[in-house]
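Structure first, then comments.
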Amino acid sequence: MKRLVIIMVLTAALGAVAPLSAEVEIGVKTAGGTENIAGIASGEWTYLNLCELSDILGGRIEWKRIGYSAVFTIDNRRFRFTVGSPYVNFDGEAYNLILPARLVKGALYVPAESYVPLLDQARQDNVVWDPGARMVRIDTEFFNLTDLT
């Protein structure tokens, strides 16, 4: 009987901690148009498929067997993710993504709400996460000398 009570309590606790995840599509809007990438909705958070985003942005992902990590390089900036860890190394400095990077079906997923602001720092373009539309917006702004005066 005691074992049954413990199992029921643990099951209830795990159900409260681990919200259901659902596959979703995430739009990536660039100057060339809008493309869709895979995503996962988990509670109030949305994970985006970094492998597919890398293809759109022209970045490169290298997998490291030691430490089960991946390095995403874009515009000579480096992000090092460790699967299962909420920390990312961005150009030698540690940042907290709040939720861990996940490996799903061989692809690296990162929380959009906390990763996109870091990606914005790495790019010259303006990169913004729109949670209502589930979209990453990448706006390229060009200025000339008359715009600055």
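Quick note on naming: the chains in the structure tokens go A, B, ... in the order shown, residues restart at 1 in each chain, and ligands are numbered from 1 in order of appearance.
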From a DSSP calculation on the backbone, collect every residue of chain A in strand (DSSP E or B) and output the set as a PyMOL selection string. chain A and resi 21-30+33-42+45-49+60-64+69-74+77-83+87-90+93-96+101-104+107-111+126-130+135-139
Mind checking DSSP for range 8-148 of chain A and telling me the alpha helix (DSSP H) residues as an MDAnalysis selection string? chainID A and resid 8:17 50:57 112:122 145:148
Nearest to Asn76 in chain A, restricted to only C-alpha atoms and choosing among A:Gly132, A:Gly27, A:Gly39, A:Gly58, comes out as A:Gly58
Measure the distance from CA of Gln124 in chain A to CA of Lys29 in chain A in Å and round it to one decimal.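 Atom-to-atom, CA of Gln124 in chain A to CA of Lys29 in chain A, that is 15.6 Å.
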Nearby residues (only C-alpha atoms) at most 12 Å from range 90-101 of chain A, same-chain spacing under 5 positions excluded, as a short mmCIF file (atom, residue, chain, number, x, y, z; two decimals) with N, CA and C atoms, in the first residue's frame:
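Here's the written file around-v1.cif:
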```cif
data_model
loop_
_atom_site.label_atom_id
_atom_site.label_comp_id
_atom_site.auth_asym_id
_atom_site.auth_seq_id
_atom_site.Cartn_x
_atom_site.Cartn_y
_atom_site.Cartn_z
N ILE A 40 8.54 23.19 -31.03
CA ILE A 40 7.83 22.44 -30.00
C ILE A 40 7.27 23.43 -29.00
N SER A 42 5.89 23.91 -25.40
CA SER A 42 5.96 23.22 -24.11
C SER A 42 5.53 24.20 -23.03
N GLY A 43 4.27 24.12 -22.65
CA GLY A 43 3.74 25.08 -21.68
C GLY A 43 3.70 26.47 -22.31
N GLU A 44 4.26 27.44 -21.61
CA GLU A 44 4.30 28.81 -22.12
C GLU A 44 5.51 29.07 -23.02
N TRP A 45 6.37 28.09 -23.16
CA TRP A 45 7.61 28.25 -23.92
C TRP A 45 7.50 27.58 -25.28
N THR A 46 8.27 28.10 -26.23
CA THR A 46 8.34 27.52 -27.56
C THR A 46 9.80 27.24 -27.88
N TYR A 47 10.08 26.01 -28.27
CA TYR A 47 11.42 25.63 -28.71
C TYR A 47 11.48 25.71 -30.23
N LEU A 48 12.60 26.20 -30.77
CA LEU A 48 12.77 26.23 -32.22
C LEU A 48 13.89 25.29 -32.63
N ASN A 49 13.76 24.76 -33.84
CA ASN A 49 14.74 23.82 -34.38
C ASN A 49 15.92 24.64 -34.88
N LEU A 50 17.03 24.60 -34.14
CA LEU A 50 18.20 25.40 -34.50
C LEU A 50 18.87 24.89 -35.77
N TYR A 68 28.47 15.81 -25.34
CA TYR A 68 27.18 15.85 -26.02
C TYR A 68 26.75 17.28 -26.30
N SER A 69 27.59 18.00 -27.04
CA SER A 69 27.33 19.42 -27.28
C SER A 69 27.38 19.73 -28.77
N ALA A 70 26.90 20.91 -29.11
CA ALA A 70 26.89 21.38 -30.48
C ALA A 70 27.37 22.83 -30.50
N VAL A 71 28.10 23.18 -31.55
CA VAL A 71 28.57 24.56 -31.72
C VAL A 71 27.90 25.12 -32.96
N PHE A 72 27.16 26.21 -32.77
CA PHE A 72 26.48 26.90 -33.87
C PHE A 72 27.30 28.15 -34.18
N THR A 73 27.78 28.24 -35.41
CA THR A 73 28.60 29.38 -35.84
C THR A 73 27.85 30.15 -36.91
N ILE A 74 27.76 31.46 -36.70
CA ILE A 74 27.12 32.34 -37.67
C ILE A 74 27.81 33.70 -37.61
N ASP A 75 28.17 34.24 -38.76
CA ASP A 75 28.83 35.54 -38.84
C ASP A 75 30.03 35.62 -37.89
N ASN A 76 30.85 34.56 -37.85
CA ASN A 76 32.03 34.47 -36.99
C ASN A 76 31.72 34.57 -35.50
N ARG A 77 30.51 34.32 -35.11
CA ARG A 77 30.10 34.28 -33.69
C ARG A 77 29.78 32.84 -33.35
N ARG A 78 30.11 32.41 -32.13
CA ARG A 78 29.96 31.00 -31.75
C ARG A 78 29.05 30.84 -30.54
N PHE A 79 28.11 29.92 -30.67
CA PHE A 79 27.23 29.50 -29.59
C PHE A 79 27.52 28.03 -29.31
N ARG A 80 27.85 27.69 -28.08
CA ARG A 80 28.09 26.29 -27.72
C ARG A 80 26.99 25.83 -26.77
N PHE A 81 26.21 24.86 -27.21
CA PHE A 81 25.10 24.31 -26.44
C PHE A 81 25.47 22.92 -25.95
N THR A 82 25.05 22.59 -24.74
CA THR A 82 25.17 21.23 -24.22
C THR A 82 23.75 20.72 -24.01
N VAL A 83 23.45 19.59 -24.63
CA VAL A 83 22.10 19.03 -24.54
C VAL A 83 21.77 18.75 -23.07
N GLY A 84 20.60 19.23 -22.65
CA GLY A 84 20.16 19.04 -21.28
C GLY A 84 20.58 20.15 -20.33
N SER A 85 21.35 21.12 -20.82
CA SER A 85 21.81 22.22 -19.98
C SER A 85 21.14 23.52 -20.41
N ALA A 107 17.75 16.49 -33.89
CA ALA A 107 17.87 17.94 -34.13
C ALA A 107 17.96 18.68 -32.79
N LEU A 108 18.68 19.78 -32.79
CA LEU A 108 18.86 20.59 -31.59
C LEU A 108 17.74 21.63 -31.51
N TYR A 109 17.05 21.65 -30.38
CA TYR A 109 15.98 22.61 -30.13
C TYR A 109 16.37 23.50 -28.96
N VAL A 110 16.13 24.81 -29.11
CA VAL A 110 16.45 25.78 -28.06
C VAL A 110 15.22 26.64 -27.79
N PRO A 111 15.07 27.15 -26.56
CA PRO A 111 13.90 27.98 -26.24
C PRO A 111 13.98 29.33 -26.97
N ALA A 112 12.98 29.60 -27.78
CA ALA A 112 12.98 30.81 -28.61
C ALA A 112 12.97 32.08 -27.78
N GLU A 113 12.20 32.09 -26.70
CA GLU A 113 12.04 33.31 -25.90
C GLU A 113 13.35 33.80 -25.31
N SER A 114 14.24 32.90 -24.97
CA SER A 114 15.50 33.32 -24.36
C SER A 114 16.69 33.25 -25.32
N TYR A 115 16.58 32.50 -26.43
CA TYR A 115 17.70 32.40 -27.36
C TYR A 115 17.69 33.50 -28.42
N VAL A 116 16.53 33.88 -28.92
CA VAL A 116 16.47 34.87 -30.00
C VAL A 116 17.13 36.20 -29.61
N PRO A 117 16.97 36.71 -28.37
CA PRO A 117 17.70 37.93 -28.00
C PRO A 117 19.23 37.78 -28.09
N LEU A 118 19.75 36.59 -27.80
CA LEU A 118 21.19 36.36 -27.97
C LEU A 118 21.57 36.34 -29.44
N LEU A 119 20.74 35.71 -30.26
CA LEU A 119 20.99 35.67 -31.70
C LEU A 119 20.98 37.08 -32.26
N ASP A 120 20.14 37.94 -31.73
CA ASP A 120 20.09 39.34 -32.16
C ASP A 120 21.43 40.03 -31.91
N GLN A 121 22.10 39.70 -30.80
CA GLN A 121 23.40 40.29 -30.51
C GLN A 121 24.48 39.81 -31.48
N ALA A 122 24.30 38.62 -32.03
CA ALA A 122 25.29 38.04 -32.92
C ALA A 122 25.15 38.52 -34.36
#
```
For Thr140 in chain A, which residue among A:Cys51, A:Thr30, A:Trp63, A:Leu57 is the nearest when counting only C-alpha atoms? A:Thr30
Rank A:Gly67, A:Ile138, A:Ile37, A:Ile26 by their smallest atom-to-atom distance to Asp55 in chain A, using only C-alpha atoms, and report the top residue only. A:Ile37
What gap, in Å, lies between CA of Leu103 in chain A and CA of Asn126 in chain A? 27.2 Å
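Taking CA of Gly59 in chain A and CA of Ser21 in chain A as endpoints, the distance between them is 27.0 Å.
Distances here use only C-alpha atoms; by that measure, the residue among A:Trp129, A:Glu25, A:Ile61, A:Arg123 closest to Glu141 in chain A is A:Arg123.
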Gly33 in chain A: which residues within 12 Å, counting only C-alpha atoms, same-chain residues fewer than 5 positions away excluded, as an mmCIF file with N, CA and C atoms, in the first residue's frame?
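Result file follows (part.cif):
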```cif
data_model
loop_
_atom_site.group_PDB
_atom_site.id
_atom_site.type_symbol
_atom_site.label_atom_id
_atom_site.label_comp_id
_atom_site.auth_asym_id
_atom_site.auth_seq_id
_atom_site.Cartn_x
_atom_site.Cartn_y
_atom_site.Cartn_z
ATOM 1 N N GLY A 27 7.395 30.366 -38.004
ATOM 2 C CA GLY A 27 7.744 31.126 -39.190
ATOM 3 C C GLY A 27 9.048 31.874 -38.988
ATOM 4 N N VAL A 28 9.822 31.966 -40.052
ATOM 5 C CA VAL A 28 11.046 32.767 -40.048
ATOM 6 C C VAL A 28 10.911 33.755 -41.197
ATOM 7 N N ILE A 56 18.543 28.351 -42.870
ATOM 8 C CA ILE A 56 17.960 29.585 -43.406
ATOM 9 C C ILE A 56 18.940 30.749 -43.286
ATOM 10 N N VAL A 136 9.980 34.218 -35.950
ATOM 11 C CA VAL A 136 11.252 34.915 -35.804
ATOM 12 C C VAL A 136 11.312 35.916 -36.948
ATOM 13 N N ARG A 137 11.408 37.186 -36.618
ATOM 14 C CA ARG A 137 11.472 38.240 -37.642
ATOM 15 C C ARG A 137 12.909 38.742 -37.743
ATOM 16 N N ILE A 138 13.440 38.712 -38.952
ATOM 17 C CA ILE A 138 14.799 39.175 -39.194
ATOM 18 C C ILE A 138 14.710 40.331 -40.172
ATOM 19 N N ASP A 139 14.912 41.528 -39.654
ATOM 20 C CA ASP A 139 14.792 42.741 -40.456
ATOM 21 C C ASP A 139 16.171 43.300 -40.747
#
```
